[in-house]
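A.B. asks: One structure, pasted below without further comment.
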Amino acid sequence: MVVVGLLSSLALTALPAYRTYQQRAYGSQAIAIGKRLYEAEIIHYLENDQFYPVDSSKTIFIPPGVSPTAVTQQVLQEIKDNLDISIPLSRHLFYQINTGDANADQWCQIRIWGPFSLFKTGRNDLNYSISKDGKITVF
Amino acid sequence: MQCKNHPDEPATQFCEECRVPLCDDCAEEIEPGRYYCFKCAMISSVSAVGTTMQDKRERVAEEKEKVKKRLTAFHYFIIVSSALILAMWGFILFGGQPPPEFEGRMDIASNTRVLLFMVDSGIKSYAHAEGNTYPEKLPDLIPKYLSLGAGQVHLLEVLSYRKNPETGYQLSLAHPKPEEMQIIISADGIQYQLPSGEEA
């Protein structure tokens, strides 16, 4: 009973610390991959006059998972072929890329999010909006 | 004076305890120069043994106490490892770096397109987690699938959402500006409609 009590109290006190570690790990990963993605998108635009995916009706959606499905593997390979970056499949992070040319304004939107808060503020997502003139806005 | 036990023998000593006269045969010399009768000598002997045993017991108990109080290498090991565990625990709880700062500086309300795609990704993660089902209404996404605070739920009012048996769902701006291209998102993909209603 004493051992169980001690272990429970240790686990309880460690829970907030574990959350902080999780936030730190996945928040940093989201920021790092987000930066690599928007830089790759800008390079793609400079080379092709279009953001990736070129077909703006298509959404690039990468769900988290330990082992990627065939669809996810194909999406990751397409990103590697077109943006020349490898996105490590995360255990918890989702990735989404959308492009558009609505209103004669080409844009690209990258969103990375997780099922728990990733940042100090409690936000669980990171949104980058890139305009054709290379302006990056973080929402 | 005659011996108490042998009336025909003259007494040579007196018992130190009971003071009875004793002959040479009856006087018991328990220590040099000290004489007791047989009975008193026996009582004295038993009492002395009892005292010795008690002393011995007390001494053993004292030794045990001393051994108990003495810190062995094992005790030092336990104390040092406990201190180390506590120090590590303290570092885990209070010593780590804080989570990263959120980089975003723009308010999501300032860009409905970003909000639209943000909600779309929330719907997609909802479908991913809930086995390809879609939420009945957009507020169902908060907070697990959509990071909006309590004061930001009203932002969802600018969006139009409905479940669609064919395409899964349909999401768009509820009141697009007249000159703006309408973006309609479904599970199948994204459609762009010109303000005139034509597909782009």
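Residues are named by chain letter and number: chains run A, B, ... in the order of the structure tokens, numbers start at 1 in each chain, and ligands are numbered from 1 in the order shown.
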Any idea what's packed within 12 Å of range 125-135 of chain B, counting only C-alpha atoms, ignoring anything in its chain fewer than 4 positions away? Could you give it as number ranges by chain?
C.D. replies: A: 61-65, 92-96, 111-115; B: 118-121, 139-146, 161-165, 167-171, 186-187
A.B. asks: What's the 8 Å shell around range 38-41 of chain A, counting only C-alpha atoms, without same-chain residues fewer than 4 positions away, as a ChimeraX atom specification?
C.D. replies: /A:34,45,51-52,83-85,108,110,128,130
A.B. asks: Return the single residue from A:Pro88, A:Pro68, A:Pro53, A:Gly27 that is closest to chain B, with distances computed using only C-alpha atoms.
C.D. replies: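 Selected residue with least distance to chain B: A:Gly27.
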A.B. asks: Find the residues in chain B near chain A: any atom within 7 Å counts, using only C-alpha atoms. Write them as a ChimeraX atom specification.
C.D. replies: /B:92-93,98-108,121,144-145,147,180-181,189-191
A.B. asks: For the selection you just gave me, I'd like the residues written to a file as a CSV table (one decimal), in the first residue's frame, keeping C-alpha atoms.
C.D. replies:
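The resulting file, again16.csv, is shown below:
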```
chain,number,residue,atom,x,y,z
B,92,ILE,CA,12.2,17.1,-13.6
B,93,LEU,CA,9.5,19.1,-11.9
B,98,PRO,CA,9.4,25.8,-20.6
B,99,PRO,CA,7.3,24.9,-23.7
B,100,PRO,CA,8.0,27.1,-26.8
B,101,GLU,CA,6.4,30.4,-27.2
B,102,PHE,CA,3.6,30.6,-29.8
B,103,GLU,CA,4.9,32.5,-32.8
B,104,GLY,CA,1.6,33.7,-34.0
B,105,ARG,CA,1.0,37.4,-33.8
B,106,MET,CA,-2.1,37.7,-36.0
B,107,ASP,CA,-5.6,37.3,-34.8
B,108,ILE,CA,-7.4,34.5,-36.6
B,121,SER,CA,-8.3,20.6,-40.7
B,144,LYS,CA,-9.8,18.8,-29.0
B,145,TYR,CA,-9.8,19.3,-32.7
B,147,SER,CA,-7.9,25.5,-30.8
B,180,GLU,CA,-14.6,37.3,-53.5
B,181,MET,CA,-14.3,33.8,-54.9
B,189,GLY,CA,-11.5,18.3,-52.3
B,190,ILE,CA,-11.8,22.1,-52.7
B,191,GLN,CA,-14.0,23.9,-55.2
```
A.B. asks: Report the residues of range 47-87 of chain A whose backbone DSSP state falls under alpha helix (DSSP H), written as an NGL selection string.
C.D. replies: :A and (47-48 or 70-83)
